file data-v3.cif (mmCIF, C-alpha atoms and all ligand atoms)
data_input
#
loop_
_atom_site.label_atom_id
_atom_site.label_comp_id
_atom_site.auth_asym_id
_atom_site.auth_seq_id
_atom_site.Cartn_x
_atom_site.Cartn_y
_atom_site.Cartn_z
CA MET H 200 -14.46 3.63 27.01
CA ASN H 201 -15.30 6.45 24.66
CA GLU H 202 -12.69 7.75 22.30
CA SER H 203 -12.02 11.13 23.87
CA ALA H 204 -11.50 9.66 27.34
CA GLU H 205 -9.17 7.11 25.81
CA ASN H 206 -7.20 9.81 24.02
CA THR H 207 -6.83 12.00 27.08
CA GLN H 208 -5.40 9.14 29.09
CA GLU H 209 -3.10 8.08 26.27
CA ASP H 210 -1.93 11.64 25.77
CA GLN H 211 -0.99 11.88 29.44
CA ILE H 212 0.97 8.64 29.34
CA GLN H 213 2.70 9.75 26.15
CA ASN H 214 3.50 13.21 27.50
CA ASP H 215 5.05 11.60 30.55
CA GLN H 216 7.18 9.42 28.34
CA LEU H 217 8.23 12.35 26.25
CA GLU H 218 9.33 14.30 29.28
CA ASP H 219 11.29 11.27 30.46
CA ALA H 220 12.94 11.02 27.07
CA GLN H 221 13.98 14.65 27.18
CA LEU H 222 15.43 14.41 30.67
CA ASP H 223 17.24 11.18 29.94
CA ASP H 224 20.40 12.17 28.12
CA THR H 225 22.19 8.86 28.58
CA LEU H 226 21.34 7.88 25.03
CA ALA H 227 22.14 11.23 23.50
CA PRO H 228 25.11 10.83 21.17
CA GLU H 229 27.89 13.41 21.15
CA HIS H 230 26.81 15.09 17.95
CA TYR H 231 23.33 15.45 19.29
CA ASP H 232 22.96 18.93 20.77
CA ALA H 233 20.20 21.32 21.82
CA SER H 234 19.59 22.48 18.25
CA ASP H 235 18.43 18.96 17.40
CA LEU H 236 15.59 19.26 19.88
CA ARG H 237 13.58 20.77 17.02
CA VAL H 238 13.77 17.40 15.28
CA LEU H 239 12.43 15.60 18.32
CA GLU H 240 9.62 18.13 18.58
CA GLY H 241 8.40 17.11 15.14
CA LEU H 242 8.47 13.44 16.09
CA GLU H 243 6.86 14.23 19.46
CA ALA H 244 3.87 15.67 17.65
CA VAL H 245 3.42 12.21 16.14
CA ARG H 246 3.70 10.49 19.53
CA ILE H 247 1.18 12.87 21.07
CA ARG H 248 -1.41 12.37 18.31
CA PRO H 249 -0.51 9.06 16.63
CA GLY H 250 -4.04 8.70 15.25
CA MET H 251 -3.61 11.80 13.11
CA TYR H 252 -0.67 10.19 11.33
CA ILE H 253 -1.49 6.48 11.17
CA GLY H 254 -5.25 6.38 11.78
CA SER H 255 -5.26 4.52 15.12
CA THR H 256 -3.14 2.91 17.81
CA GLY H 257 -5.01 -0.37 17.43
CA PRO H 258 -3.98 -3.31 15.22
CA ARG H 259 -4.76 -1.31 12.05
CA GLY H 260 -2.33 1.43 13.06
CA LEU H 261 0.31 -1.16 13.97
CA HIS H 262 0.07 -2.82 10.56
CA HIS H 263 0.08 0.61 8.98
CA LEU H 264 3.68 1.07 10.18
CA VAL H 265 4.72 -1.86 8.01
CA TYR H 266 2.86 -0.43 4.98
CA GLU H 267 4.51 2.93 5.55
CA ILE H 268 7.99 1.38 5.16
CA VAL H 269 6.95 -0.95 2.33
CA ASP H 270 5.35 1.97 0.42
CA ASN H 271 8.74 3.69 0.25
CA SER H 272 10.27 0.57 -1.25
CA VAL H 273 7.32 0.21 -3.63
CA ASP H 274 7.86 3.77 -4.84
CA GLU H 275 11.50 2.85 -5.48
CA ALA H 276 10.25 -0.15 -7.48
CA LEU H 277 7.70 1.94 -9.42
CA ALA H 278 10.50 4.37 -10.28
CA GLY H 279 12.20 1.39 -11.93
CA TYR H 280 15.04 0.82 -9.48
CA ALA H 281 13.91 -1.92 -7.06
CA SER H 282 12.65 -5.32 -8.21
CA HIS H 283 12.17 -7.25 -4.97
CA ILE H 284 10.87 -6.29 -1.52
CA GLU H 285 11.26 -8.75 1.34
CA VAL H 286 9.34 -8.31 4.58
CA THR H 287 10.23 -10.42 7.64
CA ILE H 288 8.36 -10.63 10.94
CA LEU H 289 11.09 -11.25 13.56
CA PRO H 290 10.64 -13.39 16.68
CA ASP H 291 11.34 -10.42 19.00
CA GLY H 292 8.57 -8.10 17.78
CA GLY H 293 10.58 -6.40 15.03
CA VAL H 294 9.72 -6.17 11.36
CA ARG H 295 12.38 -5.93 8.63
CA VAL H 296 11.79 -4.52 5.15
CA VAL H 297 14.59 -5.02 2.60
CA ASP H 298 14.63 -3.75 -0.96
CA ASP H 299 17.15 -3.76 -3.81
CA GLY H 300 16.61 -0.14 -4.86
CA ARG H 301 19.18 2.65 -5.04
CA GLY H 302 19.42 2.96 -1.26
CA ILE H 303 18.45 6.04 0.72
CA PRO H 304 21.02 8.79 -0.03
CA VAL H 305 23.93 8.73 2.43
CA ASP H 306 25.60 12.04 1.61
CA GLU H 307 24.98 15.16 3.66
CA VAL H 308 21.84 16.94 2.54
CA PRO H 309 22.65 20.58 1.71
CA GLY H 310 21.16 22.81 4.38
CA GLU H 311 20.34 19.96 6.77
CA GLY H 312 23.85 19.24 8.05
CA VAL H 313 23.08 15.51 8.29
CA SER H 314 22.89 12.55 5.89
CA GLY H 315 19.92 11.78 3.66
CA VAL H 316 19.22 8.77 5.87
CA GLU H 317 19.04 10.90 9.01
CA THR H 318 16.85 13.45 7.24
CA VAL H 319 14.37 10.78 6.15
CA MET H 320 14.34 9.29 9.65
CA THR H 321 13.81 12.51 11.58
CA LYS H 322 11.93 15.02 9.38
CA LEU H 323 8.21 14.61 8.81
CA HIS H 324 7.44 14.34 5.08
CA ALA H 325 11.16 14.44 4.20
CA GLY H 326 10.75 11.51 1.78
CA GLY H 327 9.29 13.53 -1.08
CA LYS H 328 12.04 16.11 -0.87
CA PHE H 329 14.48 13.96 -2.73
CA GLY H 330 12.03 11.46 -4.11
CA GLY H 331 11.24 13.58 -7.15
CA GLY H 332 9.36 12.67 -10.33
CA GLY H 333 6.57 10.18 -10.99
CA TYR H 334 3.37 9.99 -9.02
CA ALA H 335 4.90 8.52 -5.84
CA VAL H 336 1.70 6.59 -5.95
CA SER H 337 1.94 3.78 -3.47
CA GLY H 338 0.09 4.21 -0.22
CA GLY H 339 -1.42 7.62 0.13
CA LEU H 340 -4.08 7.25 2.83
CA HIS H 341 -1.71 8.79 5.32
CA GLY H 342 1.51 8.65 3.32
CA VAL H 343 3.63 10.07 6.07
CA GLY H 344 6.96 8.33 5.68
CA ILE H 345 9.66 6.58 7.62
CA SER H 346 10.01 9.33 10.25
CA VAL H 347 6.54 8.47 11.57
CA VAL H 348 7.62 4.86 12.03
CA ASN H 349 10.69 6.13 13.88
CA ALA H 350 8.45 8.34 16.05
CA LEU H 351 6.30 5.36 17.08
CA SER H 352 9.09 2.81 17.59
CA THR H 353 11.46 2.11 20.49
CA ARG H 354 14.22 1.22 18.04
CA VAL H 355 14.94 1.44 14.32
CA ASP H 356 17.99 -0.11 12.60
CA ILE H 357 18.74 1.14 9.14
CA GLU H 358 21.22 -0.30 6.70
CA VAL H 359 21.94 1.11 3.26
CA ARG H 360 24.05 -0.42 0.50
CA ARG H 361 25.18 2.42 -1.69
CA GLN H 362 28.27 3.99 -3.29
CA GLY H 363 30.14 0.71 -2.76
CA PHE H 364 29.69 0.48 1.02
CA HIS H 365 27.37 -0.68 3.79
CA TRP H 366 26.09 2.24 5.89
CA THR H 367 24.33 1.77 9.22
CA GLN H 368 22.55 3.81 11.85
CA THR H 369 20.45 2.89 14.89
CA TYR H 370 17.75 5.01 16.52
CA ILE H 371 16.76 4.37 20.13
CA ASN H 372 13.65 6.21 21.25
CA GLN H 373 13.84 8.39 18.12
CA LYS H 374 17.43 9.55 18.69
CA PRO H 375 20.34 8.32 16.56
CA THR H 376 23.00 6.58 18.68
CA SER H 377 25.68 7.89 16.28
CA ARG H 378 26.05 9.51 12.87
CA LEU H 379 25.45 7.33 9.83
CA LEU H 380 28.41 4.93 9.92
CA LYS H 381 30.33 3.81 6.83
CA GLY H 382 31.07 0.09 7.21
CA GLU H 383 32.35 -2.77 5.07
CA PRO H 384 32.66 -2.44 1.31
CA MET H 385 29.85 -4.07 -0.62
CA GLY H 386 30.61 -7.56 -1.92
CA GLU H 387 30.90 -8.33 -5.64
CA ASP H 388 27.54 -10.07 -5.60
CA GLU H 389 25.73 -7.46 -3.50
CA SER H 390 23.25 -5.01 -4.98
CA THR H 391 22.44 -1.54 -3.72
CA GLY H 392 19.39 -1.24 -1.47
CA THR H 393 17.86 -0.36 1.85
CA SER H 394 17.00 -2.41 4.95
CA VAL H 395 14.80 -0.93 7.67
CA THR H 396 14.07 -2.87 10.89
CA PHE H 397 11.76 -1.36 13.49
CA TRP H 398 10.26 -2.32 16.83
CA ALA H 399 6.86 -0.68 17.40
CA ASP H 400 6.47 1.01 20.79
CA GLY H 401 4.31 -1.11 23.11
CA ALA H 402 3.55 2.02 25.15
CA ILE H 403 1.77 3.51 22.13
CA PHE H 404 0.09 0.52 20.49
CA GLU H 405 -2.69 -1.58 22.03
CA THR H 406 -0.87 -4.61 20.66
CA THR H 407 2.49 -5.14 18.97
CA THR H 408 1.63 -8.60 17.62
CA TYR H 409 1.40 -8.68 13.84
CA ASP H 410 -1.22 -10.77 12.07
CA PHE H 411 0.44 -12.76 9.27
CA GLU H 412 -2.83 -13.05 7.38
CA ILE H 413 -3.44 -9.27 7.34
CA LEU H 414 0.07 -8.62 6.01
CA ARG H 415 -0.11 -11.51 3.53
CA ASN H 416 -3.40 -10.20 2.16
CA ARG H 417 -2.18 -6.64 1.76
CA PHE H 418 1.07 -7.68 0.05
CA GLN H 419 -0.78 -9.93 -2.36
CA GLN H 420 -3.06 -6.97 -3.17
CA MET H 421 -0.03 -4.66 -3.57
CA ALA H 422 1.50 -7.19 -5.99
CA PHE H 423 -1.73 -7.30 -8.03
CA LEU H 424 -1.92 -3.49 -8.09
CA ASN H 425 1.75 -2.97 -9.02
CA LYS H 426 2.34 -5.17 -12.07
CA GLY H 427 5.62 -7.11 -11.94
CA LEU H 428 6.51 -6.12 -8.38
CA LYS H 429 7.91 -9.05 -6.37
CA LEU H 430 6.92 -9.06 -2.69
CA SER H 431 7.87 -11.70 -0.13
CA LEU H 432 6.64 -12.13 3.44
CA THR H 433 8.38 -14.40 5.95
CA ASP H 434 7.22 -15.13 9.50
CA LEU H 435 10.10 -16.15 11.79
CA ARG H 436 7.97 -16.29 14.95
CA GLU H 437 7.13 -19.52 16.72
CA PRO H 438 3.47 -20.47 16.28
CA ASP H 439 2.46 -19.36 19.81
CA GLN H 440 4.10 -15.93 19.27
CA ALA H 441 2.07 -15.43 16.13
CA GLY H 442 -1.07 -15.60 18.28
CA ASP H 443 -2.18 -18.82 16.59
CA GLU H 444 -4.17 -21.62 18.17
CA VAL H 445 -1.61 -24.17 19.36
CA ALA H 446 -3.45 -26.36 21.84
CA GLY H 447 -6.35 -28.55 20.90
CA ASP H 448 -5.61 -29.26 17.27
CA GLY H 449 -4.55 -32.76 18.26
CA ASP H 450 -1.46 -32.56 16.11
CA ASP H 451 1.69 -32.65 18.23
CA ASN H 452 3.88 -32.97 15.14
CA ALA H 453 2.63 -29.78 13.51
CA GLU H 454 5.31 -28.19 11.32
CA PRO H 455 6.86 -25.04 12.76
CA LYS H 456 5.18 -22.14 11.02
CA HIS H 457 8.23 -20.45 9.49
CA GLN H 458 6.35 -19.63 6.38
CA THR H 459 7.30 -17.54 3.37
CA VAL H 460 4.94 -16.41 0.65
CA THR H 461 6.03 -14.60 -2.52
CA TYR H 462 3.77 -12.68 -4.89
CA GLN H 463 4.48 -11.39 -8.39
CA TYR H 464 1.85 -10.78 -11.08
CA ASN H 465 3.12 -9.81 -14.50
CA ASP H 466 -0.42 -9.04 -15.71
CA GLY H 467 -1.35 -7.00 -12.62
CA ILE H 468 -5.08 -6.39 -12.19
CA LYS H 469 -5.90 -8.72 -15.08
CA ASP H 470 -4.46 -11.48 -12.88
CA TYR H 471 -6.43 -9.98 -9.97
CA VAL H 472 -9.76 -10.38 -11.79
CA ASP H 473 -8.81 -13.91 -12.84
CA TYR H 474 -7.97 -14.70 -9.21
CA LEU H 475 -11.23 -13.16 -7.90
CA VAL H 476 -13.37 -15.05 -10.41
CA LYS H 477 -11.60 -18.34 -9.66
CA SER H 478 -11.87 -17.90 -5.90
CA ARG H 479 -15.61 -17.23 -6.24
CA LYS H 480 -15.81 -20.43 -8.30
CA ALA H 481 -17.83 -18.47 -10.85
CA THR H 482 -18.13 -19.52 -14.51
CA PRO H 483 -16.89 -16.87 -16.97
CA VAL H 484 -19.21 -15.93 -19.84
CA GLU H 485 -16.10 -15.49 -22.03
CA PRO H 486 -12.71 -17.04 -21.16
CA ASP H 487 -10.55 -13.91 -21.47
CA VAL H 488 -10.40 -11.08 -18.93
CA ILE H 489 -10.93 -7.71 -20.69
CA ASP H 490 -8.32 -5.17 -19.66
CA PHE H 491 -6.94 -1.81 -20.65
CA GLU H 492 -4.98 1.10 -19.29
CA ALA H 493 -4.42 4.75 -20.08
CA GLU H 494 -2.44 7.67 -18.72
CA ASP H 495 -2.70 11.45 -18.96
CA LEU H 496 0.59 13.00 -17.93
CA LYS H 497 -0.78 16.53 -18.20
CA ILE H 498 -3.36 16.08 -15.44
CA GLY H 499 -1.27 13.44 -13.66
CA ILE H 500 -3.61 10.47 -13.71
CA SER H 501 -3.50 6.86 -14.87
CA ALA H 502 -6.21 4.21 -14.92
CA GLU H 503 -6.08 0.44 -15.24
CA ILE H 504 -9.33 -1.45 -15.69
CA ALA H 505 -9.90 -5.21 -15.88
CA MET H 506 -13.21 -7.07 -15.98
CA GLN H 507 -14.94 -10.33 -16.69
CA TRP H 508 -18.61 -11.30 -16.69
CA THR H 509 -19.64 -14.59 -15.10
CA THR H 510 -22.89 -16.53 -15.00
CA ALA H 511 -23.28 -15.59 -11.30
CA TYR H 512 -25.82 -12.93 -10.26
CA SER H 513 -23.87 -10.75 -7.90
CA GLU H 514 -21.50 -7.98 -9.01
CA ALA H 515 -18.03 -7.41 -7.55
CA VAL H 516 -16.50 -4.10 -8.62
CA HIS H 517 -13.33 -3.37 -6.63
CA THR H 518 -11.91 0.14 -6.90
CA PHE H 519 -8.55 1.54 -5.81
CA ALA H 520 -6.87 4.94 -5.77
CA ASN H 521 -3.09 4.96 -5.37
CA THR H 522 -3.38 1.29 -4.30
CA ILE H 523 -5.73 2.19 -1.41
CA SER H 524 -8.94 0.16 -1.51
CA THR H 525 -11.72 2.75 -1.96
CA THR H 526 -14.49 0.75 -0.30
CA GLU H 527 -16.80 3.79 -0.27
CA GLY H 528 -16.29 4.19 -4.03
CA GLY H 529 -16.07 7.69 -5.43
CA THR H 530 -15.50 9.48 -8.71
CA HIS H 531 -13.50 6.71 -10.45
CA GLU H 532 -16.30 4.24 -9.74
CA GLU H 533 -18.96 6.73 -10.93
CA GLY H 534 -17.09 7.19 -14.20
CA PHE H 535 -16.74 3.43 -14.63
CA ARG H 536 -20.44 2.74 -14.01
CA ALA H 537 -21.76 5.61 -16.11
CA ALA H 538 -19.64 4.63 -19.12
CA LEU H 539 -20.44 0.92 -18.79
CA THR H 540 -24.21 1.41 -18.64
CA SER H 541 -24.43 3.86 -21.55
CA LEU H 542 -21.96 1.95 -23.71
CA VAL H 543 -23.70 -1.41 -23.30
CA ASN H 544 -27.10 0.19 -24.07
CA ARG H 545 -25.76 2.02 -27.11
CA TYR H 546 -24.08 -1.15 -28.43
CA ALA H 547 -27.16 -3.29 -27.73
CA ARG H 548 -29.35 -0.87 -29.76
CA GLU H 549 -26.82 -0.64 -32.60
CA LYS H 550 -26.73 -4.43 -32.92
CA ASN H 551 -30.50 -4.74 -32.47
CA ILE H 552 -30.06 -6.87 -29.36
CA LEU H 553 -32.33 -4.27 -27.73
CA LYS H 554 -35.37 -3.60 -29.95
CA ASP H 555 -37.00 -0.18 -30.32
CA LYS H 556 -39.82 -1.21 -27.99
CA ASP H 557 -37.42 -2.49 -25.26
CA GLU H 558 -36.49 -0.33 -22.30
CA ASN H 559 -32.85 0.50 -21.61
CA LEU H 560 -30.87 -1.92 -19.47
CA SER H 561 -30.33 -0.63 -15.94
CA GLY H 562 -26.88 -0.31 -14.35
CA ASP H 563 -27.70 -3.31 -12.16
CA ASP H 564 -28.64 -5.37 -15.23
CA VAL H 565 -25.37 -4.50 -16.93
CA ARG H 566 -23.24 -5.28 -13.87
CA GLU H 567 -24.94 -8.58 -13.02
CA GLY H 568 -22.23 -11.25 -12.72
CA LEU H 569 -19.48 -8.71 -13.36
CA THR H 570 -16.14 -8.93 -11.55
CA ALA H 571 -14.04 -5.82 -12.16
CA VAL H 572 -11.02 -4.00 -10.78
CA VAL H 573 -10.58 -0.28 -11.39
CA SER H 574 -7.24 1.11 -10.23
CA VAL H 575 -6.40 4.78 -10.64
CA LYS H 576 -3.20 6.52 -9.66
CA LEU H 577 -3.15 10.28 -9.29
CA THR H 578 -0.76 12.95 -8.10
CA THR H 579 -3.05 14.57 -5.53
CA PRO H 580 -5.71 12.11 -4.40
CA GLN H 581 -8.57 13.50 -2.32
CA PHE H 582 -9.96 10.93 0.07
CA GLU H 583 -13.39 11.65 1.51
CA GLY H 584 -16.17 9.88 3.38
CA GLN H 585 -16.61 8.31 6.81
CA THR H 586 -13.52 6.14 6.53
CA LYS H 587 -11.60 8.31 4.03
CA THR H 588 -11.98 5.56 1.44
CA LYS H 589 -14.05 7.51 -1.10
CA LEU H 590 -12.22 9.20 -3.97
CA GLY H 591 -13.27 12.82 -4.49
CA ASN H 592 -11.21 14.00 -7.50
CA SER H 593 -13.62 15.07 -10.26
CA GLU H 594 -10.96 14.54 -12.97
CA ALA H 595 -10.97 10.82 -12.07
CA LYS H 596 -14.62 10.55 -13.14
CA THR H 597 -14.12 12.22 -16.53
CA PHE H 598 -10.90 10.31 -17.17
CA VAL H 599 -12.22 6.83 -16.28
CA GLN H 600 -15.46 7.54 -18.16
CA ARG H 601 -13.54 8.54 -21.30
CA VAL H 602 -11.10 5.62 -21.10
CA MET H 603 -13.95 3.13 -20.61
CA THR H 604 -16.04 4.56 -23.46
CA ASP H 605 -13.11 4.58 -25.89
CA LYS H 606 -11.42 1.31 -24.98
CA LEU H 607 -14.36 -0.90 -24.07
CA GLY H 608 -16.11 0.49 -27.17
CA ASP H 609 -13.11 -0.58 -29.29
CA TRP H 610 -13.11 -3.98 -27.59
CA PHE H 611 -16.83 -4.54 -28.32
CA ASP H 612 -16.25 -3.55 -31.96
CA SER H 613 -13.33 -5.94 -32.34
CA HIS H 614 -14.96 -8.84 -30.42
CA PRO H 615 -18.57 -8.82 -31.73
CA SER H 616 -19.47 -12.40 -30.79
CA GLU H 617 -18.08 -12.06 -27.25
CA ALA H 618 -19.82 -8.68 -26.89
CA LYS H 619 -23.11 -10.26 -27.95
CA ASN H 620 -22.78 -13.05 -25.36
CA ILE H 621 -21.98 -10.57 -22.61
CA ILE H 622 -24.88 -8.28 -23.50
CA GLN H 623 -27.34 -11.14 -23.92
CA LYS H 624 -26.45 -12.16 -20.34
CA ALA H 625 -27.49 -8.65 -19.20
C1 LIG S 701 15.28 9.47 -1.69
C2 LIG S 701 16.04 9.53 -2.87
C3 LIG S 701 16.41 8.35 -3.51
C4 LIG S 701 16.04 7.15 -2.96
C5 LIG S 701 15.28 7.10 -1.80
C6 LIG S 701 14.90 8.25 -1.17
C7 LIG S 701 14.90 5.79 -1.28
C8 LIG S 701 14.13 5.69 -0.11
C9 LIG S 701 13.79 4.42 0.35
C10 LIG S 701 13.08 3.95 1.43
C11 LIG S 701 13.11 2.58 1.37
N1 LIG S 701 13.82 2.19 0.30
C12 LIG S 701 14.24 3.30 -0.34
N2 LIG S 701 14.98 3.40 -1.45
C13 LIG S 701 15.30 4.62 -1.91
C14 LIG S 701 17.19 8.36 -4.78
C15 LIG S 701 18.46 9.11 -4.71
C16 LIG S 701 19.27 8.87 -5.97
O1 LIG S 701 19.94 7.84 -6.07
O2 LIG S 701 19.23 9.71 -6.88
#

call {"tool": "encode", "arguments": {"input": "data-v3.cif", "output": "C-alpha cells"}}
result
Amino acid sequence: MNESAENTQEDQIQNDQLEDAQLDDTLAPEHYDASDLRVLEGLEAVRIRPGMYIGSTGPRGLHHLVYEIVDNSVDEALAGYASHIEVTILPDGGVRVVDDGRGIPVDEVPGEGVSGVETVMTKLHAGGKFGGGGYAVSGGLHGVGISVVNALSTRVDIEVRRQGFHWTQTYINQKPTSRLLKGEPMGEDESTGTSVTFWADGAIFETTTYDFEILRNRFQQMAFLNKGLKLSLTDLREPDQAGDEVAGDGDDNAEPKHQTVTYQYNDGIKDYVDYLVKSRKATPVEPDVIDFEAEDLKIGISAEIAMQWTTAYSEAVHTFANTISTTEGGTHEEGFRAALTSLVNRYAREKNILKDKDENLSGDDVREGLTAVVSVKLTTPQFEGQTKTKLGNSEAKTFVQRVMTDKLGDWFDSHPSEAKNIIQKA
C-alpha cells in the first residue's frame, strides 16, 4: 500500500473515532464544559496527523512516545533536579516513566484556569512555557511533549509528588476524569517527582508491543550522552508478551524474563568511545581516550568530543545533536573533520613526521582506525536531510572546528609521544 492511500484510510478511521469521542459524553467530568473543546481540538490535530508529530504510526512512532516522556524527565535531570529515571514496560501494554525531579507544577497556571499538570497534558508545546532556562536539550527531533502522548493514548495516569502531597489525575481518551486530586501526604522517605503511565492507542498504532532491545539501546545511548544520568529499564511482561521466541529453544526451565538494566556513565561520551572500541574488539594505539568539551553561552551551543585511534582500518565517527543520532552528519561533523585533517597535517609537518617532499595526509588517512563521538547541544537545532538526521546549523561547524583546533592542538602539544604514534599510524 502506498503512503497516501494508507493515510487517507487512517484519517477516516481516526475522524470516525474523534466524532465518537465528541458525541460520547459519558466520560466527560463535571468541570469539563464546552469551552474545553478547544483543548480537544489541539489534541485532535495530533490524532488526525500523528506522523507530523511523532514521525510515524509504526513501531518507531510507538517507541517515540516513550522517548517523549523520558525526554521531559531527562530535561529535569539536566537542569540538576532529577537523578534517576525508571522506565517500566507493564504486562498490560502500558509504559511507566518515574523520575525524582521537582514534579510537574500542581498549582493553577495563571490565565489557564487549570493546574500545571493539566496544562502540560492538554496543550501542545506547553512544556517549555514553564520549563525555562538551559537548552532543554534532550530529544529534539520532534520534541512535542507529554500532550502528544496523551493525544495518542487511550489512557494516561499521572502522579506527582510535590509540596508535601501526592497528586493524581487520569485521562481517558484525552479527557481528564476529574481535576488534579490532592491525595496522601508524602512520606518522610519520599522524594518529589513525577510518574507518567500511558497506554498507546491500538487504533492509531500498527503495533502496541514494545521491543525491549530498542528501548534498552536508546536508554544506554541517552546515559552515554548525558553524563551521570541514571536510567533504568524494567520489563514486567511475560516472555510471550514481549514478542520473544518461546517455543523451540528446548529449554523448558527458562527463567522468566523480568529483566532490569541500569545505565549510568560518569565519564559520558568518553565511556561511550571506550565501550565502542571494546565492542569492536579493536586494539587502541594509545590506552587513553582523548576527550574535551566546550560551551559558548552567547550563541547557545556546547560540544563534547571523545576519540581514540585503533589499529583497525575502518573509521567510526558517531555524531549527535541534542542527543539525536545525526546519521546523515551535518555541520558539526564537517567542523570535526576539517579541523582534524588540517591539525594532523600541520602537526606532522612541524614535527617533521611529514617531510617537505611528502604529500598531505588525506581525511581518510587521518581517520583510519578512529572511533569518535561528537555530541553538540544547541538551543535551536535545524535538522535537515531525507530522514531529518543531518544538522544544518552553520554555527555548529565553526564552533566544533574551533574547539577541535584549540583543544586537540593543546593535547598534541602536551602528549608528544602519543601524538607521534597516532600520526605515524595515519
Ligand atoms: C515545568 C516546570 C517545572 C517542572 C516540570 C515542568 C517538570 C516536568 C516533567 C515531566 C516529567 N518530569 C517532569 N518534572 C518536572 C519546574 C517548576 C518549579 O518547580 O519551579

call {"tool": "residues_around", "arguments": {"input": "data-v3.cif", "residues": "Ala493 (chain H)", "least_positions_apart": "4", "cutoff": "7 Å", "atoms": "all atoms listed in the file", "output": "PyMOL selection string"}}
result
chain H and resi 501-503+602

call {"tool": "residues_near_ligand", "arguments": {"input": "data-v3.cif", "ligand": "ligand LIG 701 (chain S)", "cutoff": "7 Å", "atoms": "only C-alpha atoms and all ligand atoms", "output": "list in words"}}
result
Ile268, Asn271, Ser272, Glu275, Asp298, Gly300, Arg301, Gly302, Ile303, Pro304, Gly326, Phe329, Gly330, Gly392 and Thr393 of chain H

call {"tool": "write_last_selection", "arguments": {"input": "data-v3.cif", "atoms": "C-alpha atoms", "output": "compact mmCIF listing (two decimals), in the frame of the given file"}}
result
# COMPACT_ATOMS: atom_id res chain seq x y z
CA ILE H 268 7.99 1.38 5.16
CA ASN H 271 8.74 3.69 0.25
CA SER H 272 10.27 0.57 -1.25
CA GLU H 275 11.50 2.85 -5.48
CA ASP H 298 14.63 -3.75 -0.96
CA GLY H 300 16.61 -0.14 -4.86
CA ARG H 301 19.18 2.65 -5.04
CA GLY H 302 19.42 2.96 -1.26
CA ILE H 303 18.45 6.04 0.72
CA PRO H 304 21.02 8.79 -0.03
CA GLY H 326 10.75 11.51 1.78
CA PHE H 329 14.48 13.96 -2.73
CA GLY H 330 12.03 11.46 -4.11
CA GLY H 392 19.39 -1.24 -1.47
CA THR H 393 17.86 -0.36 1.85

call {"tool": "atom_distance", "arguments": {"input": "data-v3.cif", "atom1": "CA of Phe535 (chain H)", "atom2": "CA of Phe423 (chain H)"}}
result
19.6 Å

call {"tool": "closest_residue", "arguments": {"input": "data-v3.cif", "among": "H:Thr525, H:Thr459, H:Ser574, H:Thr530", "to": "Ser593 (chain H)", "atoms": "all atoms listed in the file"}}
result
H:Thr530

call {"tool": "closest_residue", "arguments": {"input": "data-v3.cif", "among": "H:Arg545, H:Arg361, H:His517, H:Lys480", "to": "Phe611 (chain H)", "atoms": "all atoms listed in the file"}}
result
H:Arg545

call {"tool": "residues_around", "arguments": {"input": "data-v3.cif", "residues": "Thr461 (chain H)", "least_positions_apart": "2", "cutoff": "10 Å", "atoms": "all atoms listed in the file", "output": "list in words"}}
result
His283, Ile284, Glu285, Arg415, Phe418, Gln419, Ala422, Lys429, Leu430, Ser431, Leu432, Thr433, Thr459 and Gln463 of chain H

call {"tool": "atom_distance", "arguments": {"input": "data-v3.cif", "atom1": "CA of Asp612 (chain H)", "atom2": "CA of Leu560 (chain H)"}}
result
19.3 Å

call {"tool": "atom_distance", "arguments": {"input": "data-v3.cif", "atom1": "CA of Phe582 (chain H)", "atom2": "CA of Val319 (chain H)"}}
result
25.1 Å

call {"tool": "closest_residue", "arguments": {"input": "data-v3.cif", "among": "H:Ala281, H:Ala595, H:Ile253, H:Leu380", "to": "Val305 (chain H)", "atoms": "all atoms listed in the file"}}
result
H:Leu380

call {"tool": "closest_residue", "arguments": {"input": "data-v3.cif", "among": "H:Glu437, H:Glu594, H:Glu617, H:Asp466", "to": "Leu289 (chain H)", "atoms": "all atoms listed in the file"}}
result
H:Glu437

call {"tool": "closest_residue", "arguments": {"input": "data-v3.cif", "among": "H:Ile247, H:Ala625, H:Leu351, H:Ala618", "to": "His263 (chain H)", "atoms": "only C-alpha atoms"}}
result
H:Leu351

call {"tool": "closest_residue", "arguments": {"input": "data-v3.cif", "among": "H:Asp609, H:Glu389, H:Asp306, H:Glu527", "to": "Ile489 (chain H)", "atoms": "only C-alpha atoms"}}
result
H:Asp609

call {"tool": "residues_around", "arguments": {"input": "data-v3.cif", "residues": "Thr396 (chain H)", "least_positions_apart": "4", "cutoff": "9 Å", "atoms": "all atoms listed in the file", "output": "list in words"}}
result
Gly293, Val294, Arg295, Val296, Val297, Arg354, Val355, Asp356, Ile357 and Glu358 of chain H

call {"tool": "write_last_selection", "arguments": {"input": "data-v3.cif", "atoms": "C-alpha atoms", "output": "compact mmCIF listing (two decimals), in the coordinates of the input"}}
result
# COMPACT_ATOMS: atom_id res chain seq x y z
CA GLY H 293 10.58 -6.40 15.03
CA VAL H 294 9.72 -6.17 11.36
CA ARG H 295 12.38 -5.93 8.63
CA VAL H 296 11.79 -4.52 5.15
CA VAL H 297 14.59 -5.02 2.60
CA ARG H 354 14.22 1.22 18.04
CA VAL H 355 14.94 1.44 14.32
CA ASP H 356 17.99 -0.11 12.60
CA ILE H 357 18.74 1.14 9.14
CA GLU H 358 21.22 -0.30 6.70

call {"tool": "residues_around", "arguments": {"input": "data-v3.cif", "residues": "Ile413 (chain H)", "least_positions_apart": "3", "cutoff": "12 Å", "atoms": "all atoms listed in the file", "output": "list of chain:residue names"}}
result
H:Pro258, H:Arg259, H:Leu261, H:His262, H:His263, H:Val265, H:Tyr266, H:Thr408, H:Tyr409, H:Asp410, H:Asn416, H:Arg417, H:Phe418, H:Gln419, H:Gln420, H:Leu432

call {"tool": "residues_around", "arguments": {"input": "data-v3.cif", "residues": "Thr407 (chain H)", "least_positions_apart": "6", "cutoff": "9 Å", "atoms": "only C-alpha atoms", "output": "ChimeraX atom specification"}}
result
/H:258,261,292,398-401
